[in-house]
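**Student:** Below you'll find work.txt; it's compact mmCIF, C-alpha atoms.
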# COMPACT_ATOMS: atom_id res chain seq x y z
CA MET A 297 -41.08 160.76 -108.79
CA ASP A 298 -39.83 157.27 -108.11
CA GLU A 299 -39.62 155.31 -111.37
CA ARG A 300 -38.80 151.93 -109.88
CA PRO A 301 -41.24 149.12 -110.65
CA ASP A 302 -43.70 147.92 -108.03
CA GLY A 303 -41.82 144.68 -107.40
CA VAL A 304 -38.67 146.54 -106.34
CA LEU A 305 -40.62 148.83 -104.05
CA VAL A 306 -42.42 145.86 -102.52
CA GLU A 307 -39.09 144.18 -101.77
CA GLU A 308 -37.75 147.35 -100.20
CA ALA A 309 -40.88 147.78 -98.12
CA ARG A 310 -40.53 144.21 -96.93
CA ARG A 311 -36.95 144.91 -95.95
CA GLY A 312 -38.24 147.62 -93.64
CA ARG A 313 -38.15 150.77 -95.77
CA PRO A 314 -41.49 152.45 -95.17
CA GLU A 315 -40.95 155.16 -97.78
CA ALA A 316 -41.11 152.43 -100.44
CA PHE A 317 -44.60 151.51 -99.33
CA SER A 318 -45.57 155.18 -99.27
CA GLU A 319 -44.56 155.38 -102.90
CA LEU A 320 -46.69 152.32 -103.69
CA ALA A 321 -49.60 153.96 -101.92
CA ARG A 322 -49.13 157.18 -103.87
CA ARG A 323 -48.99 155.21 -107.08
CA HIS A 324 -52.13 153.15 -106.58
CA HIS A 325 -54.28 155.13 -104.19
CA GLN A 326 -56.45 156.87 -106.78
CA ARG A 327 -57.18 153.66 -108.67
CA VAL A 328 -58.12 151.82 -105.49
CA PHE A 329 -60.22 154.75 -104.35
CA ARG A 330 -61.95 154.83 -107.71
CA LEU A 331 -62.68 151.10 -107.64
CA ILE A 332 -64.16 151.31 -104.17
CA TYR A 333 -66.11 154.42 -105.06
CA GLY A 334 -67.51 152.57 -108.06
CA MET A 335 -68.75 149.86 -105.74
CA THR A 336 -70.07 152.06 -102.93
CA ARG A 337 -70.92 155.33 -104.75
CA ASN A 338 -69.98 157.15 -101.58
CA HIS A 339 -66.89 159.34 -101.17
CA SER A 340 -66.62 158.93 -97.43
CA ASP A 341 -66.91 155.14 -97.58
CA ALA A 342 -64.43 155.03 -100.44
CA ASP A 343 -61.98 157.13 -98.42
CA ASP A 344 -62.27 154.95 -95.31
CA LEU A 345 -62.17 151.67 -97.18
CA SER A 346 -59.23 152.63 -99.39
CA GLN A 347 -57.22 153.65 -96.34
CA GLU A 348 -58.13 150.40 -94.64
CA ALA A 349 -57.09 148.50 -97.75
CA PHE A 350 -53.65 150.11 -97.76
CA LEU A 351 -53.17 149.56 -94.05
CA THR A 352 -54.15 145.92 -94.44
CA ALA A 353 -51.79 145.58 -97.38
CA PHE A 354 -48.99 147.17 -95.36
CA ARG A 355 -49.53 144.84 -92.43
CA SER A 356 -49.89 141.79 -94.67
CA LEU A 357 -46.89 142.59 -96.83
CA PRO A 358 -44.85 139.69 -95.36
CA SER A 359 -47.50 137.29 -96.65
CA PHE A 360 -47.42 138.69 -100.20
CA ASN A 361 -45.71 135.96 -102.19
CA GLY A 362 -45.22 137.92 -105.42
CA ARG A 363 -46.98 135.36 -107.62
CA SER A 364 -49.33 138.09 -108.82
CA ALA A 365 -48.73 141.76 -109.48
CA PHE A 366 -48.81 143.99 -106.42
CA TYR A 367 -51.77 145.98 -107.69
CA THR A 368 -53.92 142.87 -108.32
CA TRP A 369 -53.13 141.73 -104.78
CA LEU A 370 -54.05 145.19 -103.53
CA TYR A 371 -57.27 145.13 -105.55
CA ARG A 372 -58.13 141.81 -104.03
CA ILE A 373 -57.80 143.24 -100.54
CA ALA A 374 -59.85 146.29 -101.54
CA VAL A 375 -62.59 144.26 -103.22
CA ASN A 376 -62.87 141.84 -100.30
CA GLN A 377 -63.04 144.66 -97.79
CA THR A 378 -65.66 146.47 -99.82
CA LEU A 379 -67.77 143.36 -100.30
CA ASN A 380 -67.63 142.69 -96.55
CA PHE A 381 -68.51 146.29 -95.87
CA LEU A 382 -71.50 146.18 -98.21
CA LYS A 383 -72.65 142.91 -96.70
CA LYS A 384 -72.39 144.31 -93.19
CA LYS A 385 -74.29 147.42 -94.06
CA GLY A 386 -77.00 145.35 -95.62
CA ARG A 387 -76.95 147.40 -98.75
CA GLU A 388 -77.02 144.41 -100.96
CA LYS A 389 -80.18 143.24 -99.28
CA ASP A 390 -81.87 146.55 -99.90
CA ARG A 391 -80.70 146.68 -103.46
CA ALA A 392 -83.53 146.20 -105.88
CA ALA A 393 -83.65 142.75 -107.40
CA PHE A 394 -82.18 143.01 -110.82
CA HIS A 395 -84.72 141.56 -113.18
CA GLU A 396 -83.67 141.21 -116.74
CA ASN A 397 -87.15 141.91 -117.99
CA LEU A 398 -87.69 145.00 -115.93
CA PRO A 399 -86.98 147.95 -118.17
CA TYR A 400 -85.37 151.05 -116.82
CA GLY A 401 -87.85 153.52 -115.48
CA GLU A 402 -90.30 151.08 -113.96
CA GLU A 403 -88.21 150.60 -110.91
CA SER A 404 -85.73 153.37 -110.49
CA GLN A 405 -86.29 157.05 -110.98
CA THR A 406 -84.04 158.36 -108.26
CA ILE A 407 -82.21 160.87 -110.39
CA ALA A 408 -84.14 163.49 -112.22
CA TYR A 409 -82.55 164.29 -115.54
CA SER A 410 -83.24 167.58 -117.10
CA PRO A 411 -83.34 167.69 -120.86
CA GLU A 412 -81.67 171.09 -120.75
CA GLY A 413 -77.92 170.98 -120.53
CA ASN A 414 -77.72 167.19 -120.63
CA SER A 415 -77.32 165.37 -123.87
CA LEU A 416 -78.82 161.95 -124.28
CA ARG A 417 -75.36 160.45 -124.02
CA ASP A 418 -74.79 162.12 -120.68
CA GLU A 419 -78.11 160.79 -119.60
CA LEU A 420 -77.09 157.34 -120.74
CA ARG A 421 -73.97 157.62 -118.60
CA GLY A 422 -76.04 158.57 -115.60
CA ARG A 423 -78.48 155.76 -116.12
CA LEU A 424 -75.67 153.33 -116.75
CA ALA A 425 -74.03 154.38 -113.47
CA GLU A 426 -77.28 153.66 -111.68
CA ALA A 427 -77.72 150.35 -113.46
CA VAL A 428 -74.14 149.31 -112.60
CA ASN A 429 -74.78 150.34 -109.02
CA ALA A 430 -77.79 148.04 -108.95
CA LEU A 431 -75.81 145.04 -110.20
CA PRO A 432 -75.07 142.27 -107.68
CA ALA A 433 -71.85 143.17 -105.85
CA HIS A 434 -69.66 140.46 -107.39
CA PHE A 435 -70.76 141.38 -110.91
CA ARG A 436 -70.26 145.05 -110.16
CA ALA A 437 -66.72 144.48 -108.89
CA CYS A 438 -65.91 142.43 -111.97
CA PHE A 439 -67.43 144.95 -114.36
CA LEU A 440 -65.57 147.86 -112.78
CA LEU A 441 -62.24 146.06 -112.77
CA VAL A 442 -62.50 145.13 -116.43
CA VAL A 443 -64.34 148.05 -117.98
CA ASP A 444 -63.38 150.95 -115.76
CA GLN A 445 -59.92 149.89 -114.60
CA GLY A 446 -59.02 148.18 -117.85
CA LEU A 447 -57.82 144.92 -116.33
CA SER A 448 -57.62 141.83 -118.51
CA HIS A 449 -59.70 138.81 -117.56
CA ALA A 450 -56.58 137.16 -116.14
CA GLU A 451 -55.74 140.17 -113.96
CA ALA A 452 -59.35 140.55 -112.82
CA ALA A 453 -59.40 136.85 -111.96
CA GLN A 454 -56.37 137.34 -109.71
CA ALA A 455 -57.91 140.40 -108.11
CA LEU A 456 -61.19 138.62 -107.47
CA GLY A 457 -59.69 135.28 -106.50
CA CYS A 458 -61.57 133.33 -109.16
CA SER A 459 -60.90 131.76 -112.56
CA GLU A 460 -60.73 133.61 -115.87
CA ASN A 461 -63.75 131.65 -116.99
CA THR A 462 -65.70 133.01 -114.03
CA VAL A 463 -64.67 136.54 -114.93
CA SER A 464 -65.79 135.95 -118.52
CA TRP A 465 -69.13 134.61 -117.32
CA ARG A 466 -69.67 137.44 -114.84
CA MET A 467 -68.90 140.01 -117.52
CA HIS A 468 -71.34 138.36 -119.89
CA LYS A 469 -74.06 138.25 -117.25
CA ALA A 470 -73.40 141.82 -116.11
CA ARG A 471 -73.64 143.09 -119.67
CA LYS A 472 -76.74 141.08 -120.33
CA LEU A 473 -78.38 142.54 -117.24
CA LEU A 474 -77.30 146.07 -118.11
CA GLN A 475 -78.48 145.93 -121.69
CA ALA A 476 -81.79 144.42 -120.62
CA ARG A 477 -82.30 147.22 -118.16
CA LEU A 478 -81.16 150.00 -120.46
CA ARG A 479 -82.61 148.58 -123.65
CA PRO A 480 -85.54 151.00 -124.00
CA PHE A 481 -83.23 153.90 -123.39
CA LEU A 482 -80.56 152.58 -125.74
CA ASN A 483 -83.14 152.35 -128.50
CA GLU A 484 -84.16 155.89 -127.75
CA VAL A 485 -80.59 157.20 -127.89
CA GLY A 486 -79.86 155.44 -131.15
CA PRO A 487 -76.45 154.55 -132.53
CA MET B 1130 -72.80 128.76 -133.22
CA ARG B 1131 -75.89 129.34 -131.13
CA CYS B 1132 -77.01 132.85 -130.19
CA ARG B 1133 -76.37 132.18 -126.50
CA THR B 1134 -72.74 131.26 -127.19
CA ALA B 1135 -72.41 134.18 -129.56
CA GLN B 1136 -73.57 136.60 -126.87
CA ARG B 1137 -70.93 135.39 -124.48
CA ARG B 1138 -68.29 135.65 -127.20
CA ILE B 1139 -69.44 139.21 -127.92
CA SER B 1140 -68.81 140.06 -124.29
CA ASP B 1141 -65.35 138.46 -124.43
CA SER B 1142 -64.53 140.30 -127.65
CA LEU B 1143 -65.38 143.65 -126.03
CA ASP B 1144 -62.81 142.80 -123.34
CA ARG B 1145 -60.26 141.69 -125.96
CA ALA B 1146 -60.36 138.24 -124.44
CA LEU B 1147 -61.39 136.35 -127.56
CA VAL B 1148 -58.78 134.35 -129.44
CA GLU B 1149 -58.60 134.16 -133.19
CA GLY B 1150 -60.58 130.99 -133.95
CA PRO B 1151 -63.68 131.77 -131.87
CA ALA B 1152 -63.51 135.38 -133.07
CA ALA B 1153 -63.79 134.25 -136.69
CA ARG B 1154 -66.69 131.96 -135.86
CA LEU B 1155 -68.40 134.81 -134.02
CA GLU B 1156 -68.04 137.10 -137.02
CA ALA B 1157 -69.50 134.40 -139.24
CA HIS B 1158 -72.47 134.07 -136.89
CA LEU B 1159 -72.98 137.81 -136.74
CA ARG B 1160 -73.10 138.08 -140.53
CA GLY B 1161 -76.18 135.90 -140.54
CA CYS B 1162 -77.86 136.93 -137.26
CA PRO B 1163 -79.40 140.42 -137.06
CA SER B 1164 -80.51 139.84 -133.47
CA CYS B 1165 -76.95 139.21 -132.25
CA ARG B 1166 -75.71 142.16 -134.32
CA ALA B 1167 -78.20 144.39 -132.52
CA TYR B 1168 -77.10 142.91 -129.20
CA ARG B 1169 -73.48 143.71 -129.97
CA GLU B 1170 -74.48 147.22 -130.97
CA ARG B 1171 -76.21 147.78 -127.64
CA LEU B 1172 -73.25 146.41 -125.69
CA SER B 1173 -70.87 148.60 -127.64
CA ARG B 1174 -72.92 151.65 -126.71
CA ILE B 1175 -72.86 150.60 -123.07
CA GLN B 1176 -69.11 150.08 -123.31
CA GLY B 1177 -68.70 153.52 -124.84
CA ALA B 1178 -70.72 155.16 -122.08
CA ALA B 1179 -68.89 153.27 -119.34
CA GLY B 1180 -65.64 155.22 -119.71
CA GLY B 1181 -65.06 157.12 -116.50
CA LEU B 1182 -68.04 155.45 -114.93
CA ALA B 1183 -66.45 155.21 -111.51
CA ASP B 1184 -64.84 158.62 -111.60
CA PRO B 1185 -65.41 160.04 -108.13
CA GLY B 1186 -65.20 163.54 -109.58
CA LEU B 1187 -62.94 164.87 -106.84
CA ALA B 1188 -61.12 168.16 -107.15
CA PRO B 1189 -57.28 167.92 -107.10
CA GLU B 1190 -57.07 169.53 -103.66
CA LYS B 1191 -59.41 166.89 -102.32
CA TRP B 1192 -57.08 164.21 -103.67
CA VAL B 1193 -54.17 165.87 -101.92
CA GLU B 1194 -56.12 165.91 -98.68
CA ILE B 1195 -57.08 162.24 -99.02
CA SER B 1196 -53.50 161.24 -99.86
CA ARG B 1197 -52.20 163.17 -96.88
CA ARG B 1198 -54.61 161.40 -94.61
CA LEU B 1199 -53.51 158.06 -95.98
CA GLU B 1200 -49.86 159.00 -95.46
CA SER B 1201 -50.47 159.88 -91.84
CA ARG B 1202 -52.43 156.69 -91.22
CA LEU B 1203 -49.67 154.64 -92.80
CA ALA B 1204 -47.12 156.43 -90.62
CA LEU B 1205 -49.21 155.62 -87.57
CA GLY B 1206 -49.53 152.03 -88.72
CA ARG B 1207 -45.76 151.79 -89.11
CA ALA B 1208 -45.07 153.35 -85.72
CA GLY B 1209 -47.51 151.07 -83.99
CA SER B 1210 -47.36 148.10 -86.31
CA PRO B 1211 -49.90 146.66 -83.90
CA ARG B 1212 -50.18 143.29 -85.53
CA GLN B 1213 -46.41 142.81 -85.64
CA ALA B 1214 -46.01 144.01 -82.08
CA ARG B 1215 -48.82 141.79 -80.93
CA SER B 1216 -47.46 138.79 -82.78
CA GLY B 1217 -43.96 139.46 -81.36
CA PHE B 1218 -45.31 139.55 -77.82
CA ARG B 1219 -47.34 136.43 -78.45
CA ARG B 1220 -44.31 134.62 -79.82
CA LEU B 1221 -42.28 135.64 -76.75
CA ALA B 1222 -45.02 134.44 -74.40
CA TRP B 1223 -45.26 131.08 -76.14
CA SER B 1224 -41.47 130.65 -76.08
CA GLY B 1225 -41.40 131.39 -72.34
CA ALA B 1226 -44.17 128.90 -71.67
CA ALA B 1227 -42.43 126.22 -73.73
CA LEU B 1228 -39.16 126.82 -71.88
CA ALA B 1229 -40.89 126.54 -68.51
CA VAL B 1230 -42.51 123.24 -69.50
CA LEU B 1231 -39.16 121.90 -70.71
CA LEU B 1232 -37.39 122.86 -67.47
CA PHE B 1233 -40.12 121.25 -65.40
CA ALA B 1234 -39.91 118.05 -67.43
CA LEU B 1235 -36.12 117.92 -67.04
CA ALA B 1236 -36.35 118.50 -63.30
CA TYR B 1237 -39.01 115.80 -63.01
CA LEU B 1238 -36.91 113.28 -64.87
CA ALA B 1239 -33.79 114.21 -62.93
CA GLY B 1240 -35.28 112.99 -59.67
CA VAL B 1241 -37.47 115.71 -58.25
CA ARG B 1242 -40.53 113.56 -58.87
CA PRO B 1243 -41.73 111.59 -55.81
CA ARG B 1244 -40.61 107.98 -55.97
CA THR B 1245 -43.28 105.35 -55.51
CA PRO B 1246 -42.45 102.67 -52.86
CA ALA B 1247 -41.06 99.45 -54.31
CA GLY B 1248 -43.76 96.73 -54.39
CA PRO B 1249 -43.46 92.93 -54.70
CA VAL B 1250 -41.75 91.77 -57.83
CA PRO B 1251 -44.31 90.07 -60.08
CA LEU B 1252 -43.68 86.34 -60.66
CA SER B 1253 -43.69 84.56 -63.98
CA PHE B 1254 -46.42 81.95 -64.74
CA GLU B 1255 -44.09 79.02 -64.07
CA ASP B 1256 -42.92 80.49 -60.76
CA SER B 1257 -46.53 81.13 -59.72
CA VAL B 1258 -47.52 77.52 -60.44
CA ALA B 1259 -44.45 76.20 -58.58
CA GLN B 1260 -45.29 78.39 -55.56
CA VAL B 1261 -48.95 77.17 -55.50
CA MET B 1262 -47.91 73.53 -55.85
CA GLY B 1263 -45.42 73.89 -52.98
CA GLU B 1264 -48.12 75.32 -50.71
CA VAL B 1265 -50.63 72.60 -51.70
CA GLY B 1266 -48.08 69.83 -51.10
CA ALA B 1267 -47.36 71.06 -47.59
CA ASN B 1268 -51.03 71.15 -46.49
CA PRO B 1269 -53.22 67.96 -46.85
CA ASP B 1270 -56.55 69.85 -46.39
CA LEU B 1271 -55.56 72.31 -49.05
CA ALA B 1272 -54.51 69.42 -51.31
CA GLY B 1273 -57.98 67.77 -50.92
CA ALA B 1274 -59.81 70.97 -51.71
CA PHE B 1275 -57.49 71.60 -54.63
CA ALA B 1276 -58.13 68.10 -56.07
CA GLY B 1277 -61.91 68.57 -55.71
CA GLU B 1278 -61.75 71.91 -57.55
CA ILE B 1279 -59.75 70.33 -60.36
CA ALA B 1280 -62.18 67.41 -60.70
CA ALA B 1281 -65.16 69.81 -60.83
CA SER B 1282 -63.40 71.88 -63.51
CA ILE B 1283 -62.75 68.76 -65.59
CA ALA B 1284 -66.35 67.56 -65.25
CA GLU B 1285 -67.56 71.00 -66.32
CA ALA B 1286 -65.20 71.02 -69.28
CA VAL B 1287 -66.24 67.60 -70.64
CA GLN B 1288 -70.02 68.17 -70.30
CA PRO B 1289 -71.77 67.70 -73.67
CA GLU B 1290 -72.75 70.87 -75.45
CA ILE B 1291 -76.16 69.48 -76.41
CA GLY B 1292 -78.55 69.17 -73.52
CA GLU B 1293 -80.38 66.01 -72.62
CA GLU B 1294 -83.69 67.42 -73.72
CA ALA B 1295 -82.30 67.98 -77.21
CA VAL B 1296 -81.13 64.36 -77.53
CA SER B 1297 -84.34 62.79 -76.27
CA PHE B 1298 -86.54 64.26 -78.99
CA ARG B 1299 -87.68 60.73 -79.69
CA ASP B 1300 -89.55 60.74 -76.38
CA ASN B 1301 -91.63 63.66 -77.56
CA PRO B 1302 -94.85 62.23 -79.15
CA LEU B 1303 -95.51 65.53 -80.93
CA PHE B 1304 -92.31 65.05 -82.95
CA TRP B 1305 -93.34 61.64 -84.27
CA GLU B 1306 -96.95 62.62 -84.91
CA GLY B 1307 -95.90 65.26 -87.39
CA LEU B 1308 -93.89 62.84 -89.58
CA THR B 1309 -95.10 60.84 -92.58
CA ASP B 1310 -94.54 57.10 -92.86
CA THR B 1311 -91.75 57.64 -95.39
CA GLU B 1312 -89.94 60.05 -93.04
CA VAL B 1313 -90.28 57.65 -90.12
CA GLY B 1314 -88.92 54.81 -92.25
CA PHE B 1315 -85.99 56.96 -93.39
CA ILE B 1316 -85.08 58.01 -89.86
CA ASN B 1317 -85.25 54.44 -88.66
CA SER B 1318 -82.98 53.18 -91.43
CA GLU B 1319 -80.43 55.96 -90.71
CA LEU B 1320 -80.42 55.21 -87.01
CA GLU B 1321 -80.10 51.54 -87.77
CA LYS B 1322 -77.00 52.24 -89.84
CA GLU B 1323 -75.51 54.50 -87.21
CA LEU B 1324 -76.19 52.37 -84.18
CA GLY B 1325 -75.55 49.00 -85.87
CA ARG B 1326 -78.57 47.33 -84.39
CA GLY B 1327 -82.22 46.87 -85.07
CA GLY B 1328 -83.24 50.47 -84.95
CA VAL B 1329 -84.97 52.35 -82.19
CA LEU B 1330 -88.60 52.18 -83.28
Turn this file's structure into structure tokens for me.
**Tutor:**
Amino acid sequence: MDERPDGVLVEEARRGRPEAFSELARRHHQRVFRLIYGMTRNHSDADDLSQEAFLTAFRSLPSFNGRSAFYTWLYRIAVNQTLNFLKKKGREKDRAAFHENLPYGEESQTIAYSPEGNSLRDELRGRLAEAVNALPAHFRACFLLVVDQGLSHAEAAQALGCSENTVSWRMHKARKLLQARLRPFLNEVGP
Amino acid sequence: MRCRTAQRRISDSLDRALVEGPAARLEAHLRGCPSCRAYRERLSRIQGAAGGLADPGLAPEKWVEISRRLESRLALGRAGSPRQARSGFRRLAWSGAALAVLLFALAYLAGVRPRTPAGPVPLSFEDSVAQVMGEVGANPDLAGAFAGEIAASIAEAVQPEIGEEAVSFRDNPLFWEGLTDTEVGFINSELEKELGRGGVL
């Protein structure tokens, strides 16, 4: 396995060594796929969009100025492509309006949870996944980057093309929406 | 600290984005606010359940298949590099067009352009006046007409700007009827001063 840092591989890829970009793709593909899957909840879409993201990154490599880390730049491409994709497909329009005061269960009962074999915590995970999926796309992208991918606010800001303050605000709003939606269930689960 | 601010700080603290000072103030607020403590508890539970939230749950062989597909697409992208190829062709086309324009401009300036026939050389103002005066001096009829035109121009130029009707307001009885005795007396005295005689009324 190639141990060289991303920056070196990026430079090599820019100098016309394609195997360097292949290594970058190997290194980051699963994370990008996971991010896109988190936003689309569809394997096929995640596969297509992640491949598109890498191809776009490969073609746009000459314009990468190195001011941010390669993976945040790559995330930015992936997030933008996914947001455009979701907008085109009209999924965001169909998404249920996320009302803070609408408790879970009144609106969405798409997944049937069986009490057998599923602990309450597993059920919470399932319901949380649904609630995250129902978040507005920009909040969802932000939440996934920070909570699931473990990016700092600064890194997420670079990936989303916004300020750290915006990331902080989006995280706050996303959490507020999630806890409002899951509140009855959270009380049920207990600490 | 208000609860609204505290809630945002709680969110920041879960992301390890809260610096020391605000963190201490948040803790102080939480000690005295059971509602915000409960809020933090709920968010912590959400945070705990969010681990692996976006895990696509793919089997390792599926990952291999997906990676292989990406590799082959990248290889195709490299072989084609369509954007680069397209941009290279475009650059070449623009360079060719620019060169053609440059060559045409050079040829045009070098004498290929059709020359316009040479016309009369324009005279200066003084030369024009001298030429006219020479022609007028040689022809008595032309001189008479010329003198008449000049006299008419002068008469037109010295005509007063104020028309006769504006000056003879005193002949208009409606003007005088509208004035009081004081105003009539004042106007008369002013005219008397101006004209140096016994007034006009």
**Student:** Would you compute the distance between atom CA of Leu1203 of chain B and atom CA of Met335 of chain A? Give it in Å to one decimal.
**Tutor:**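 Calculated distance between atom CA of Leu1203 of chain B and atom CA of Met335 of chain A is 23.5 Å.
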**Student:** How many Å lie between atom CA of Tyr333 of chain A and atom CA of Leu474 of chain A, rounded to one decimal?
**Tutor:** 19.1 Å
**Student:** May I have the residues within 10 Å of Glu1200 of chain B as a ChimeraX atom specification, using only C-alpha atoms and disregarding those fewer than 3 positions away in the same chain?
**Tutor:** /A:315,317-319,321-322,347,350 /B:1194-1197,1203-1206
**Student:** Would you mind telling me which residue in A:Gln454, A:Ser364, A:Ser359, A:Gln445 lies nearest to chain B when using only C-alpha atoms?
**Tutor:**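 For chain B, the nearest of the candidates is A:Gln445.
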**Student:** Would you mind telling me which residue in A:Val304, A:Leu370, A:Ala430, A:Ala476 lies nearest to Gly457 of chain A when using all atoms listed in the file?
**Tutor:** A:Leu370
**Student:** Show me, as a JSON list (two decimals) with C-alpha atoms, keeping the file's coordinate frame, every residue of chain B with an atom at most 9 Å from chain A, counting all atoms listed in the file.
**Tutor:**
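Saved to iface_10.json:
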[["chain", "number", "residue", "atom", "x", "y", "z"],
["B", 1136, "GLN", "CA", -73.57, 136.60, -126.87],
["B", 1137, "ARG", "CA", -70.93, 135.39, -124.48],
["B", 1138, "ARG", "CA", -68.29, 135.65, -127.20],
["B", 1139, "ILE", "CA", -69.44, 139.21, -127.92],
["B", 1140, "SER", "CA", -68.81, 140.06, -124.29],
["B", 1141, "ASP", "CA", -65.35, 138.46, -124.43],
["B", 1144, "ASP", "CA", -62.81, 142.80, -123.34],
["B", 1145, "ARG", "CA", -60.26, 141.69, -125.96],
["B", 1146, "ALA", "CA", -60.36, 138.24, -124.44],
["B", 1168, "TYR", "CA", -77.10, 142.91, -129.20],
["B", 1170, "GLU", "CA", -74.48, 147.22, -130.97],
["B", 1171, "ARG", "CA", -76.21, 147.78, -127.64],
["B", 1172, "LEU", "CA", -73.25, 146.41, -125.69],
["B", 1174, "ARG", "CA", -72.92, 151.65, -126.71],
["B", 1175, "ILE", "CA", -72.86, 150.60, -123.07],
["B", 1176, "GLN", "CA", -69.11, 150.08, -123.31],
["B", 1178, "ALA", "CA", -70.72, 155.16, -122.08],
["B", 1179, "ALA", "CA", -68.89, 153.27, -119.34],
["B", 1180, "GLY", "CA", -65.64, 155.22, -119.71],
["B", 1181, "GLY", "CA", -65.06, 157.12, -116.50],
["B", 1182, "LEU", "CA", -68.04, 155.45, -114.93],
["B", 1183, "ALA", "CA", -66.45, 155.21, -111.51],
["B", 1184, "ASP", "CA", -64.84, 158.62, -111.60],
["B", 1185, "PRO", "CA", -65.41, 160.04, -108.13],
["B", 1187, "LEU", "CA", -62.94, 164.87, -106.84],
["B", 1192, "TRP", "CA", -57.08, 164.21, -103.67],
["B", 1195, "ILE", "CA", -57.08, 162.24, -99.02],
["B", 1196, "SER", "CA", -53.50, 161.24, -99.86],
["B", 1198, "ARG", "CA", -54.61, 161.40, -94.61],
["B", 1199, "LEU", "CA", -53.51, 158.06, -95.98],
["B", 1200, "GLU", "CA", -49.86, 159.00, -95.46],
["B", 1202, "ARG", "CA", -52.43, 156.69, -91.22],
["B", 1203, "LEU", "CA", -49.67, 154.64, -92.80],
["B", 1204, "ALA", "CA", -47.12, 156.43, -90.62],
["B", 1206, "GLY", "CA", -49.53, 152.03, -88.72],
["B", 1207, "ARG", "CA", -45.76, 151.79, -89.11],
["B", 1210, "SER", "CA", -47.36, 148.10, -86.31],
["B", 1211, "PRO", "CA", -49.90, 146.66, -83.90],
["B", 1212, "ARG", "CA", -50.18, 143.29, -85.53],
["B", 1213, "GLN", "CA", -46.41, 142.81, -85.64]]
**Student:** Could you give me, as a compact mmCIF listing (two decimals) with C-alpha atoms, in the frame of the given file, the residues within 10 Å of Pro358 of chain A, counting only C-alpha atoms and dropping anything in the same chain fewer than 2 positions from it?
**Tutor:**
# COMPACT_ATOMS: atom_id res chain seq x y z
CA VAL A 306 -42.42 145.86 -102.52
CA GLU A 307 -39.09 144.18 -101.77
CA ALA A 309 -40.88 147.78 -98.12
CA ARG A 310 -40.53 144.21 -96.93
CA ARG A 311 -36.95 144.91 -95.95
CA ALA A 353 -51.79 145.58 -97.38
CA PHE A 354 -48.99 147.17 -95.36
CA ARG A 355 -49.53 144.84 -92.43
CA SER A 356 -49.89 141.79 -94.67
CA PHE A 360 -47.42 138.69 -100.20
CA ASN A 361 -45.71 135.96 -102.19
**Student:** Could you work out how far atom CA of Ser340 of chain A lies from atom CA of Pro432 of chain A, giving the answer in Å with one decimal?
**Tutor:**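 That distance, rounded to one decimal, is 21.3 Å.
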**Student:** Extract, using all atoms listed in the file, all DNA, RNA and protein residues at most 12 Å from Leu379 of chain A, discarding same-chain residues fewer than 6 positions from it, and format them as a PyMOL selection string.
**Tutor:** chain A and resi 331-332+335-336+345+371-373+385-388+432-438+456
